[in-house]
Amino acid sequence: MKLYLDTAETDAWDDLMPTGLFYGITTNPLLAARAGLSYPKIDWHSLAGKARGHGAQELHAQLFGPVEGYVDWAGALYEAGRAEGIETVVKIPLIEAAIRKTAEIKSLGGRILMTACYDAKQMFVAQSLSAQYIAPYFGRMTEAGIDAKAHLSAMKDIQSSDEDGCQIMVASLRAPEQMVELAGLGMDVFTIAPGIAQALMSEARSHAAYAEFEAAARK
């Protein structure tokens, strides 16, 4: 099981990474905008160092801008990771223009994640490109009327046909209950927002039992 914290809000990193729940951190331009950051102006050395300081093993960041600049941007992200002592992973959108640049990005020697996945057929792309991860957008798929569970189940079947198959990192989750449901399909890598992380740690009956134990101890 591997959990990732899906946010660019460094206050959330400060709060949640010390719990020890998370293997790494994932982010993208939308999350950066929500955190009040200008994505093109992000100092990835600084952000990678902060992630490493919190014990993250990986920092995932998404390509952006003109496709002609993808390889240079990826190289700079990998270099930031090497300099700061953390594995940086380049997130590549599953669109044709980006797919066509993936082999060149792979030649840089870093790890990649194919993102914005909405269909099981895209697993073939990730497998053929030897991507380390693929991120299906479970919540967005469901909200678009797609049978997300069926697609993720099919992706798991495709993955099992390749001993070196990429890991399915389920993204765009809306509640911990979805994680429980998807674990039944064999999913064991999730990237989750801070709110879901808080919900994982909160259970009213556990709090009630704790209060009872504490009350007994004080008698």
# chains A, B, ... in the order shown; residues from 1 in each chain; ligands from 1
>>> residues_around(residues="Ile196 in chain A", least_positions_apart="6", cutoff="10 Å", atoms="only C-alpha atoms", output="list in words")
Leu5, Asp6, Leu173, Arg174, Ala175, Pro176, Glu177, Met179 and Ser202 of chain A
>>> write_last_selection(atoms="all heavy atoms", output="PDB file, in the first residue's frame")
ATOM      1  N   LEU A   5       0.077  12.343  -0.906  1.00  0.00           N
ATOM      2  CA  LEU A   5      -0.690  13.534  -0.569  1.00  0.00           C
ATOM      3  C   LEU A   5      -0.806  14.397  -1.816  1.00  0.00           C
ATOM      4  O   LEU A   5       0.204  14.827  -2.389  1.00  0.00           O
ATOM      5  CB  LEU A   5       0.003  14.301   0.559  1.00  0.00           C
ATOM      6  CG  LEU A   5      -0.728  15.513   1.122  1.00  0.00           C
ATOM      7  CD1 LEU A   5      -2.089  15.117   1.695  1.00  0.00           C
ATOM      8  CD2 LEU A   5       0.124  16.196   2.189  1.00  0.00           C
ATOM      9  N   ASP A   6      -2.031  14.681  -2.224  1.00  0.00           N
ATOM     10  CA  ASP A   6      -2.292  15.350  -3.502  1.00  0.00           C
ATOM     11  C   ASP A   6      -2.638  16.816  -3.270  1.00  0.00           C
ATOM     12  O   ASP A   6      -3.808  17.189  -3.200  1.00  0.00           O
ATOM     13  CB  ASP A   6      -3.448  14.627  -4.214  1.00  0.00           C
ATOM     14  CG  ASP A   6      -3.589  15.023  -5.682  1.00  0.00           C
ATOM     15  OD1 ASP A   6      -2.565  15.342  -6.314  1.00  0.00           O
ATOM     16  OD2 ASP A   6      -4.717  14.993  -6.195  1.00  0.00           O
ATOM     17  N   LEU A 173     -10.179  11.156  -6.001  1.00  0.00           N
ATOM     18  CA  LEU A 173     -11.072  10.464  -5.077  1.00  0.00           C
ATOM     19  C   LEU A 173     -11.871  11.483  -4.271  1.00  0.00           C
ATOM     20  O   LEU A 173     -11.399  12.582  -3.990  1.00  0.00           O
ATOM     21  CB  LEU A 173     -10.262   9.555  -4.149  1.00  0.00           C
ATOM     22  CG  LEU A 173      -9.671   8.332  -4.853  1.00  0.00           C
ATOM     23  CD1 LEU A 173      -8.436   7.837  -4.128  1.00  0.00           C
ATOM     24  CD2 LEU A 173     -10.714   7.233  -4.946  1.00  0.00           C
ATOM     25  N   ARG A 174     -13.072  11.092  -3.889  1.00  0.00           N
ATOM     26  CA  ARG A 174     -13.963  12.009  -3.185  1.00  0.00           C
ATOM     27  C   ARG A 174     -14.195  11.649  -1.725  1.00  0.00           C
ATOM     28  O   ARG A 174     -14.655  12.483  -0.949  1.00  0.00           O
ATOM     29  CB  ARG A 174     -15.324  12.063  -3.895  1.00  0.00           C
ATOM     30  CG  ARG A 174     -15.270  12.390  -5.381  1.00  0.00           C
ATOM     31  CD  ARG A 174     -14.583  13.707  -5.658  1.00  0.00           C
ATOM     32  NE  ARG A 174     -14.734  14.133  -7.047  1.00  0.00           N
ATOM     33  CZ  ARG A 174     -13.754  14.636  -7.779  1.00  0.00           C
ATOM     34  NH1 ARG A 174     -12.537  14.768  -7.260  1.00  0.00           N
ATOM     35  NH2 ARG A 174     -13.970  15.014  -9.023  1.00  0.00           N
ATOM     36  N   ALA A 175     -13.898  10.401  -1.344  1.00  0.00           N
ATOM     37  CA  ALA A 175     -14.165   9.964   0.024  1.00  0.00           C
ATOM     38  C   ALA A 175     -13.366   8.707   0.327  1.00  0.00           C
ATOM     39  O   ALA A 175     -13.042   7.932  -0.589  1.00  0.00           O
ATOM     40  CB  ALA A 175     -15.663   9.682   0.217  1.00  0.00           C
ATOM     41  N   PRO A 176     -13.040   8.457   1.606  1.00  0.00           N
ATOM     42  CA  PRO A 176     -12.318   7.238   1.968  1.00  0.00           C
ATOM     43  C   PRO A 176     -13.074   5.966   1.577  1.00  0.00           C
ATOM     44  O   PRO A 176     -12.452   4.942   1.291  1.00  0.00           O
ATOM     45  CB  PRO A 176     -12.189   7.349   3.495  1.00  0.00           C
ATOM     46  CG  PRO A 176     -12.281   8.798   3.786  1.00  0.00           C
ATOM     47  CD  PRO A 176     -13.240   9.337   2.765  1.00  0.00           C
ATOM     48  N   GLU A 177     -14.408   6.042   1.568  1.00  0.00           N
ATOM     49  CA  GLU A 177     -15.201   4.860   1.222  1.00  0.00           C
ATOM     50  C   GLU A 177     -14.879   4.371  -0.188  1.00  0.00           C
ATOM     51  O   GLU A 177     -14.941   3.165  -0.469  1.00  0.00           O
ATOM     52  CB  GLU A 177     -16.689   5.180   1.352  1.00  0.00           C
ATOM     53  CG  GLU A 177     -17.179   5.374   2.778  1.00  0.00           C
ATOM     54  CD  GLU A 177     -16.786   6.716   3.381  1.00  0.00           C
ATOM     55  OE1 GLU A 177     -16.386   7.631   2.616  1.00  0.00           O
ATOM     56  OE2 GLU A 177     -16.868   6.842   4.615  1.00  0.00           O
ATOM     57  N   MET A 179     -11.930   4.462  -1.531  1.00  0.00           N
ATOM     58  CA  MET A 179     -10.676   3.728  -1.394  1.00  0.00           C
ATOM     59  C   MET A 179     -10.939   2.294  -0.920  1.00  0.00           C
ATOM     60  O   MET A 179     -10.339   1.344  -1.435  1.00  0.00           O
ATOM     61  CB  MET A 179      -9.747   4.449  -0.423  1.00  0.00           C
ATOM     62  CG  MET A 179      -9.351   5.852  -0.857  1.00  0.00           C
ATOM     63  SD  MET A 179      -8.487   6.783   0.435  1.00  0.00           S
ATOM     64  CE  MET A 179      -6.969   5.834   0.584  1.00  0.00           C
ATOM     65  N   SER A 202     -10.167  10.077  11.093  1.00  0.00           N
ATOM     66  CA  SER A 202     -11.272  10.443  11.979  1.00  0.00           C
ATOM     67  C   SER A 202     -12.393   9.406  11.917  1.00  0.00           C
ATOM     68  O   SER A 202     -12.906   9.097  10.850  1.00  0.00           O
ATOM     69  CB  SER A 202     -11.821  11.820  11.567  1.00  0.00           C
ATOM     70  OG  SER A 202     -12.896  12.189  12.386  1.00  0.00           O
TER      71      SER A 202
END
>>> residues_around(residues="Ala80 in chain A", least_positions_apart="6", cutoff="8 Å", atoms="only C-alpha atoms", output="PyMOL selection string")
chain A and resi 44-45+48+88
>>> closest_residue(among="A:Ile168, A:Ala209, A:Ala197, A:Leu3", to="Glu58 in chain A", atoms="only C-alpha atoms")
A:Leu3
>>> closest_residue(among="A:Thr191, A:Thr142, A:Ser153, A:Gln62", to="Met123 in chain A", atoms="only C-alpha atoms")
A:Ser153
>>> residues_around(residues="range 30-36 of chain A", least_positions_apart="5", cutoff="10 Å", atoms="only C-alpha atoms", output="ChimeraX atom specification")
/A:6-11,42,62,193
>>> residues_around(residues="Leu77 in chain A", least_positions_apart="6", cutoff="12 Å", atoms="only C-alpha atoms", output="JSON list (two decimals) with N, CA and C atoms, in the first residue's frame")
[["chain", "number", "residue", "atom", "x", "y", "z"],
["A", 42, "ILE", "N", 7.19, 28.42, -10.08],
["A", 42, "ILE", "CA", 7.54, 27.57, -8.94],
["A", 42, "ILE", "C", 9.03, 27.26, -8.96],
["A", 43, "ASP", "N", 9.66, 27.38, -7.80],
["A", 43, "ASP", "CA", 11.05, 26.98, -7.61],
["A", 43, "ASP", "C", 11.04, 25.51, -7.20],
["A", 44, "TRP", "N", 11.28, 24.64, -8.17],
["A", 44, "TRP", "CA", 11.16, 23.21, -7.90],
["A", 44, "TRP", "C", 12.26, 22.69, -6.99],
["A", 45, "HIS", "N", 13.42, 23.34, -6.99],
["A", 45, "HIS", "CA", 14.46, 22.97, -6.03],
["A", 45, "HIS", "C", 13.95, 23.18, -4.61],
["A", 46, "SER", "N", 13.36, 24.35, -4.37],
["A", 46, "SER", "CA", 12.85, 24.66, -3.04],
["A", 46, "SER", "C", 11.72, 23.71, -2.64],
["A", 47, "LEU", "N", 10.80, 23.45, -3.57],
["A", 47, "LEU", "CA", 9.66, 22.59, -3.26],
["A", 47, "LEU", "C", 10.11, 21.14, -3.05],
["A", 48, "ALA", "N", 11.06, 20.70, -3.87],
["A", 48, "ALA", "CA", 11.57, 19.34, -3.71],
["A", 48, "ALA", "C", 12.29, 19.19, -2.38],
["A", 58, "GLU", "N", 9.03, 10.59, -2.96],
["A", 58, "GLU", "CA", 8.82, 11.04, -4.33],
["A", 58, "GLU", "C", 8.03, 12.34, -4.33],
["A", 59, "LEU", "N", 8.31, 13.17, -5.33],
["A", 59, "LEU", "CA", 7.51, 14.35, -5.62],
["A", 59, "LEU", "C", 7.12, 14.29, -7.08],
["A", 60, "HIS", "N", 5.81, 14.24, -7.36],
["A", 60, "HIS", "CA", 5.29, 14.15, -8.72],
["A", 60, "HIS", "C", 4.80, 15.53, -9.16],
["A", 61, "ALA", "N", 5.24, 15.97, -10.33],
["A", 61, "ALA", "CA", 4.80, 17.26, -10.86],
["A", 61, "ALA", "C", 4.49, 17.12, -12.35],
["A", 62, "GLN", "N", 3.51, 17.89, -12.81],
["A", 62, "GLN", "CA", 2.98, 17.72, -14.16],
["A", 62, "GLN", "C", 3.57, 18.70, -15.16],
["A", 63, "LEU", "N", 3.85, 18.19, -16.36],
["A", 63, "LEU", "CA", 4.28, 19.02, -17.47],
["A", 63, "LEU", "C", 3.24, 20.09, -17.79],
["A", 70, "TYR", "N", 8.59, 20.42, -23.27],
["A", 70, "TYR", "CA", 8.39, 19.33, -22.30],
["A", 70, "TYR", "C", 9.70, 18.68, -21.84],
["A", 71, "VAL", "N", 10.56, 18.38, -22.79],
["A", 71, "VAL", "CA", 11.78, 17.63, -22.44],
["A", 71, "VAL", "C", 12.68, 18.48, -21.55],
["A", 83, "ALA", "N", 19.35, 17.11, -7.00],
["A", 83, "ALA", "CA", 20.04, 18.07, -6.15],
["A", 83, "ALA", "C", 19.52, 18.06, -4.72],
["A", 84, "GLU", "N", 18.23, 17.79, -4.57],
["A", 84, "GLU", "CA", 17.60, 17.84, -3.24],
["A", 84, "GLU", "C", 17.45, 16.48, -2.59],
["A", 86, "ILE", "N", 15.68, 13.70, -3.62],
["A", 86, "ILE", "CA", 14.35, 13.09, -3.67],
["A", 86, "ILE", "C", 14.07, 12.67, -5.11],
["A", 87, "GLU", "N", 13.32, 11.59, -5.29],
["A", 87, "GLU", "CA", 12.92, 11.14, -6.63],
["A", 87, "GLU", "C", 11.82, 12.04, -7.15],
["A", 88, "THR", "N", 12.09, 12.76, -8.23],
["A", 88, "THR", "CA", 11.04, 13.56, -8.86],
["A", 88, "THR", "C", 10.48, 12.77, -10.04],
["A", 89, "VAL", "N", 9.17, 12.77, -10.15],
["A", 89, "VAL", "CA", 8.46, 11.99, -11.17],
["A", 89, "VAL", "C", 7.70, 12.97, -12.07],
["A", 90, "VAL", "N", 7.88, 12.83, -13.38],
["A", 90, "VAL", "CA", 7.21, 13.71, -14.33],
["A", 90, "VAL", "C", 5.85, 13.14, -14.70],
["A", 91, "LYS", "N", 4.81, 13.93, -14.51],
["A", 91, "LYS", "CA", 3.45, 13.54, -14.86],
["A", 91, "LYS", "C", 3.17, 14.01, -16.30],
["A", 105, "ILE", "N", 11.48, 11.96, -23.13],
["A", 105, "ILE", "CA", 11.55, 12.23, -21.70],
["A", 105, "ILE", "C", 12.10, 11.02, -20.95],
["A", 108, "LEU", "N", 15.82, 10.54, -20.50],
["A", 108, "LEU", "CA", 16.53, 11.31, -19.49],
["A", 108, "LEU", "C", 16.84, 10.47, -18.26],
["A", 109, "GLY", "N", 16.18, 9.33, -18.14],
["A", 109, "GLY", "CA", 16.49, 8.40, -17.05],
["A", 109, "GLY", "C", 15.63, 8.53, -15.81],
["A", 110, "GLY", "N", 14.65, 9.42, -15.84],
["A", 110, "GLY", "CA", 13.78, 9.57, -14.68],
["A", 110, "GLY", "C", 12.51, 8.76, -14.78],
["A", 111, "ARG", "N", 11.71, 8.83, -13.74],
["A", 111, "ARG", "CA", 10.46, 8.09, -13.70],
["A", 111, "ARG", "C", 9.32, 8.95, -14.23],
["A", 112, "ILE", "N", 8.28, 8.28, -14.77],
["A", 112, "ILE", "CA", 7.15, 9.01, -15.34],
["A", 112, "ILE", "C", 5.83, 8.43, -14.85]]
